[in-house]
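Presented below is the structure to which this report refers.
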Amino acid sequence: MSDLHVRQLRYFVTVAEELHFGRAARRLDMAQPPLSRAIRDLERQLGVPLLERTTRQVRLTPAGEVLLRDARTVLDAIAAAVRRTRHAGRPDPGLRLALKADYDGGLLPRILAAYRQEAAALPVELVLGGKDEQLPALRGGLADVALLPIPCDTRGLDVEPLLTEPRLVALAATDPLAARPGLRLADLAGRTLPDGKPADGEGLPLPGTGGGDPRRKPAVDAQPPLAAARPRIMDLAQIFSLIELGSIIWFPPASVARRHPRPGIVYRTVNDLPPLTLAFAWPQESRSPAVAALVRTAVAVAEAARPADPVTPAADGGAA
């Protein structure tokens, strides 16, 4: 059997996603008959049917489901390899660092200043993204190293923890819970986080893994969030505005609370809220001296900064 080609996999994945040859052909900017022939040739080459075709619908066979999963992985890996290769071949080499804005424990300026003194240092390009976008950027070849919260799926990556800091809850100053000096996650039942998840489930195992009590009732003084459509939140300004309106609450790390006091928001401790651990992650196959120097420098700066000044909620709604 001859080797499969990238083009064949791309054709198949598009048809499998659309489950319609006409729509798939339009996505691929080609005519439908050659696409149909290409899929039949692929099935003949593999010796198994990948699609069930009727006059009404197209469905994946079990073999087709397996190929769809693995073909996506292959195509993603090829795309990442192309990005990394092009980046490595640029005449002006640099190091791409993926992170979420402000999620650096307040250390990034010191880390970058110290890193510039390293012999292996390269110019650093910050790849800023929203929550959970750092791993895809790293695996997709859009970044060389990432600063992200752990635990997370770090298969195929090397990881170096940098710092651990407590998280607080950010509430509207008018929220009844703002009058309490300290809270527990159960007190936040009925409240919603920026990503739409229930606040009282933060830090608990996913459903079906033994975490959480389905009988948990909302706190007596809990306010339901405002009924409003929530677009995907990408920056702090949007988050803070919705907190002040009472639409959501948020669990920022202590360093973010310290840097962003606002009169309409109070920060309170949550006794059973897990802390945030930030770590550097990079591909295991990486042999970049620039990445190694950045990680080494960051760890040294974080060590020198310990113990960090604790952040305590202030009575006027800011962070002390």
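Residue numbering restarts at 1 in every chain; chains get A, B, ... in the order shown in the structure tokens, and ligands count up from 1 in that same order.
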Go through segment 35-134 of chain A residue by residue and, counting only C-alpha atoms, keep those with an atom at most 12 Å from segment 180-195 of chain A; for each kept residue give the shortest atom pair and its distance in Å to one decimal, ordered by chain and increasing number, as JSON lines.
```
{"residue": "A:Gly130", "atom": "CA", "partner": "A:Asp195", "partner_atom": "CA", "distance": 10.5}
{"residue": "A:Lys131", "atom": "CA", "partner": "A:Asp195", "partner_atom": "CA", "distance": 8.8}
{"residue": "A:Asp132", "atom": "CA", "partner": "A:Asp195", "partner_atom": "CA", "distance": 10.7}
```
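Nearest-residue note for Ala121 of chain A: choosing from A:Ile248, A:Val256, A:Ile239, A:Leu95, the minimum distance belongs to A:Leu95, counting only C-alpha atoms.
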Extract, using only C-alpha atoms, all DNA, RNA and protein residues at most 9 Å from segment 40-55 of chain A, discarding same-chain residues fewer than 2 positions from it, and format them as a list in words.
Met1, Ser2, Leu4, Gln8, Leu9, Phe12, Ala16, Leu19, Leu35, Ser36, Arg37, Ala38, Gln57, Val58, Arg59, Leu60, Thr61, Pro62, Ala63, Gly64, Glu65 and Leu67 of chain A
Point out the residue among A:Val266, A:Val299, A:Leu99, A:Leu276 with the least atom-to-atom distance to Ala137 of chain A, counting only C-alpha atoms.
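Closest to Ala137 of chain A, using only C-alpha atoms: A:Leu99.
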Can you tell me, as a list of chain:residue names, what residues are no more than 9 Å from Arg84 of chain A when counting only C-alpha atoms, ignoring any on the same chain fewer than 2 positions away?
A:Ala79, A:Ala80, A:Ala81, A:Val82, A:Arg86, A:His87, A:Ala88, A:Gly89, A:Gly140, A:Gly141, A:Leu142, A:Ala143, A:Asp144
Pull the strand (DSSP E or B) assignments for segment 108-269 of chain A out of DSSP run on the backbone, and list those residues as a VMD selection string.
chain A and resid 124 to 129 145 to 150 157 to 165 167 to 172 182 to 183 192 198 250 253 265 to 269
Proximity of segment 120-194 of chain A to segment 280-296 of chain A: per-residue shortest pair, 6 Å limit, only C-alpha atoms, as JSON lines:
```
{"residue": "A:Ala120", "atom": "CA", "partner": "A:Ala290", "partner_atom": "CA", "distance": 5.1}
{"residue": "A:Ala121", "atom": "CA", "partner": "A:Ala290", "partner_atom": "CA", "distance": 5.3}
{"residue": "A:Val145", "atom": "CA", "partner": "A:Trp282", "partner_atom": "CA", "distance": 4.7}
{"residue": "A:Ala146", "atom": "CA", "partner": "A:Ala281", "partner_atom": "CA", "distance": 5.3}
{"residue": "A:Leu147", "atom": "CA", "partner": "A:Phe280", "partner_atom": "CA", "distance": 4.6}
{"residue": "A:Gly156", "atom": "CA", "partner": "A:Gln284", "partner_atom": "CA", "distance": 5.8}
{"residue": "A:Leu157", "atom": "CA", "partner": "A:Pro283", "partner_atom": "CA", "distance": 4.5}
{"residue": "A:Asp158", "atom": "CA", "partner": "A:Gln284", "partner_atom": "CA", "distance": 5.2}
{"residue": "A:Val159", "atom": "CA", "partner": "A:Ala281", "partner_atom": "CA", "distance": 4.5}
{"residue": "A:Glu160", "atom": "CA", "partner": "A:Phe280", "partner_atom": "CA", "distance": 5.2}
```
How would the residues just picked look written out with all heavy atoms as a PDB file, in the first residue's frame?
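As written to disk, again37.pdb reads:
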```pdb
ATOM      1  N   ALA A 120      22.333  33.648  25.390  1.00  0.00           N
ATOM      2  CA  ALA A 120      21.485  32.959  24.406  1.00  0.00           C
ATOM      3  C   ALA A 120      20.169  33.677  24.157  1.00  0.00           C
ATOM      4  O   ALA A 120      19.316  33.155  23.427  1.00  0.00           O
ATOM      5  CB  ALA A 120      21.204  31.534  24.895  1.00  0.00           C
ATOM      6  N   ALA A 121      19.990  34.857  24.735  1.00  0.00           N
ATOM      7  CA  ALA A 121      18.704  35.550  24.633  1.00  0.00           C
ATOM      8  C   ALA A 121      18.386  35.955  23.197  1.00  0.00           C
ATOM      9  O   ALA A 121      19.274  36.322  22.427  1.00  0.00           O
ATOM     10  CB  ALA A 121      18.699  36.782  25.532  1.00  0.00           C
ATOM     11  N   VAL A 145       7.331  28.776  23.738  1.00  0.00           N
ATOM     12  CA  VAL A 145       7.240  28.495  25.167  1.00  0.00           C
ATOM     13  C   VAL A 145       5.976  29.189  25.652  1.00  0.00           C
ATOM     14  O   VAL A 145       5.529  30.178  25.068  1.00  0.00           O
ATOM     15  CB  VAL A 145       8.497  28.999  25.914  1.00  0.00           C
ATOM     16  CG1 VAL A 145       8.664  30.495  25.762  1.00  0.00           C
ATOM     17  CG2 VAL A 145       8.485  28.599  27.381  1.00  0.00           C
ATOM     18  N   ALA A 146       5.369  28.659  26.723  1.00  0.00           N
ATOM     19  CA  ALA A 146       4.127  29.233  27.232  1.00  0.00           C
ATOM     20  C   ALA A 146       4.203  29.364  28.742  1.00  0.00           C
ATOM     21  O   ALA A 146       4.798  28.519  29.428  1.00  0.00           O
ATOM     22  CB  ALA A 146       2.932  28.373  26.844  1.00  0.00           C
ATOM     23  N   LEU A 147       3.592  30.407  29.246  1.00  0.00           N
ATOM     24  CA  LEU A 147       3.405  30.596  30.684  1.00  0.00           C
ATOM     25  C   LEU A 147       1.928  30.378  30.944  1.00  0.00           C
ATOM     26  O   LEU A 147       1.075  31.138  30.450  1.00  0.00           O
ATOM     27  CB  LEU A 147       3.837  31.999  31.101  1.00  0.00           C
ATOM     28  CG  LEU A 147       3.721  32.345  32.587  1.00  0.00           C
ATOM     29  CD1 LEU A 147       4.546  31.391  33.442  1.00  0.00           C
ATOM     30  CD2 LEU A 147       4.144  33.785  32.839  1.00  0.00           C
ATOM     31  N   GLY A 156       3.621  15.486  26.096  1.00  0.00           N
ATOM     32  CA  GLY A 156       4.549  15.925  25.068  1.00  0.00           C
ATOM     33  C   GLY A 156       5.267  17.220  25.393  1.00  0.00           C
ATOM     34  O   GLY A 156       5.998  17.744  24.553  1.00  0.00           O
ATOM     35  N   LEU A 157       5.085  17.715  26.601  1.00  0.00           N
ATOM     36  CA  LEU A 157       5.708  18.978  26.994  1.00  0.00           C
ATOM     37  C   LEU A 157       6.598  18.790  28.205  1.00  0.00           C
ATOM     38  O   LEU A 157       6.371  17.907  29.038  1.00  0.00           O
ATOM     39  CB  LEU A 157       4.632  20.023  27.324  1.00  0.00           C
ATOM     40  CG  LEU A 157       3.602  20.351  26.245  1.00  0.00           C
ATOM     41  CD1 LEU A 157       2.560  21.300  26.799  1.00  0.00           C
ATOM     42  CD2 LEU A 157       4.276  20.941  25.008  1.00  0.00           C
ATOM     43  N   ASP A 158       7.606  19.617  28.316  1.00  0.00           N
ATOM     44  CA  ASP A 158       8.368  19.761  29.553  1.00  0.00           C
ATOM     45  C   ASP A 158       7.785  20.937  30.317  1.00  0.00           C
ATOM     46  O   ASP A 158       7.375  21.941  29.717  1.00  0.00           O
ATOM     47  CB  ASP A 158       9.849  20.000  29.269  1.00  0.00           C
ATOM     48  CG  ASP A 158      10.579  18.727  28.891  1.00  0.00           C
ATOM     49  OD1 ASP A 158      10.171  17.646  29.379  1.00  0.00           O
ATOM     50  OD2 ASP A 158      11.539  18.794  28.099  1.00  0.00           O
ATOM     51  N   VAL A 159       7.752  20.819  31.643  1.00  0.00           N
ATOM     52  CA  VAL A 159       7.094  21.824  32.479  1.00  0.00           C
ATOM     53  C   VAL A 159       8.004  22.200  33.634  1.00  0.00           C
ATOM     54  O   VAL A 159       8.626  21.333  34.264  1.00  0.00           O
ATOM     55  CB  VAL A 159       5.745  21.298  33.018  1.00  0.00           C
ATOM     56  CG1 VAL A 159       5.094  22.319  33.944  1.00  0.00           C
ATOM     57  CG2 VAL A 159       4.800  20.962  31.871  1.00  0.00           C
ATOM     58  N   GLU A 160       8.084  23.495  33.921  1.00  0.00           N
ATOM     59  CA  GLU A 160       8.856  24.004  35.060  1.00  0.00           C
ATOM     60  C   GLU A 160       7.964  24.958  35.852  1.00  0.00           C
ATOM     61  O   GLU A 160       7.664  26.066  35.408  1.00  0.00           O
ATOM     62  CB  GLU A 160      10.101  24.752  34.581  1.00  0.00           C
ATOM     63  CG  GLU A 160      10.960  25.296  35.703  1.00  0.00           C
ATOM     64  CD  GLU A 160      11.581  24.184  36.546  1.00  0.00           C
ATOM     65  OE1 GLU A 160      12.174  23.253  35.958  1.00  0.00           O
ATOM     66  OE2 GLU A 160      11.461  24.257  37.788  1.00  0.00           O
TER      67      GLU A 160
END
```
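Of the residues listed (A:Leu75, A:Leu236, A:Ala31, A:Val15), A:Leu236 shows the shortest atom-to-atom separation from Ala257 of chain A; distances use only C-alpha atoms.
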Please identify every residue of segment 56-110 of chain A that has at least one atom no farther than 12 Å from an atom of segment 258-265 of chain A, counting only C-alpha atoms, and for each give the shortest atom pair and the distance in Å to one decimal, arranged by chain then increasing number, as a Markdown table.
```
| residue | atom | partner | partner_atom | distance |
| --- | --- | --- | --- | --- |
| A:Asp102 | CA | A:Arg259 | CA | 9.0 |
| A:Tyr103 | CA | A:Arg259 | CA | 11.4 |
| A:Asp104 | CA | A:Arg259 | CA | 11.8 |
| A:Gly105 | CA | A:Arg259 | CA | 10.2 |
| A:Gly106 | CA | A:Arg259 | CA | 8.5 |
```
As a ChimeraX atom specification, please: every residue in segment 101-268 of chain A that DSSP puts in alpha helix (DSSP H).
/A:108-115,134-139,236-245,254-259
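Closest to Glu133 of chain A among A:Ala119, A:Ala101, A:Leu162, A:Leu245 is A:Ala101, based on only C-alpha atoms.
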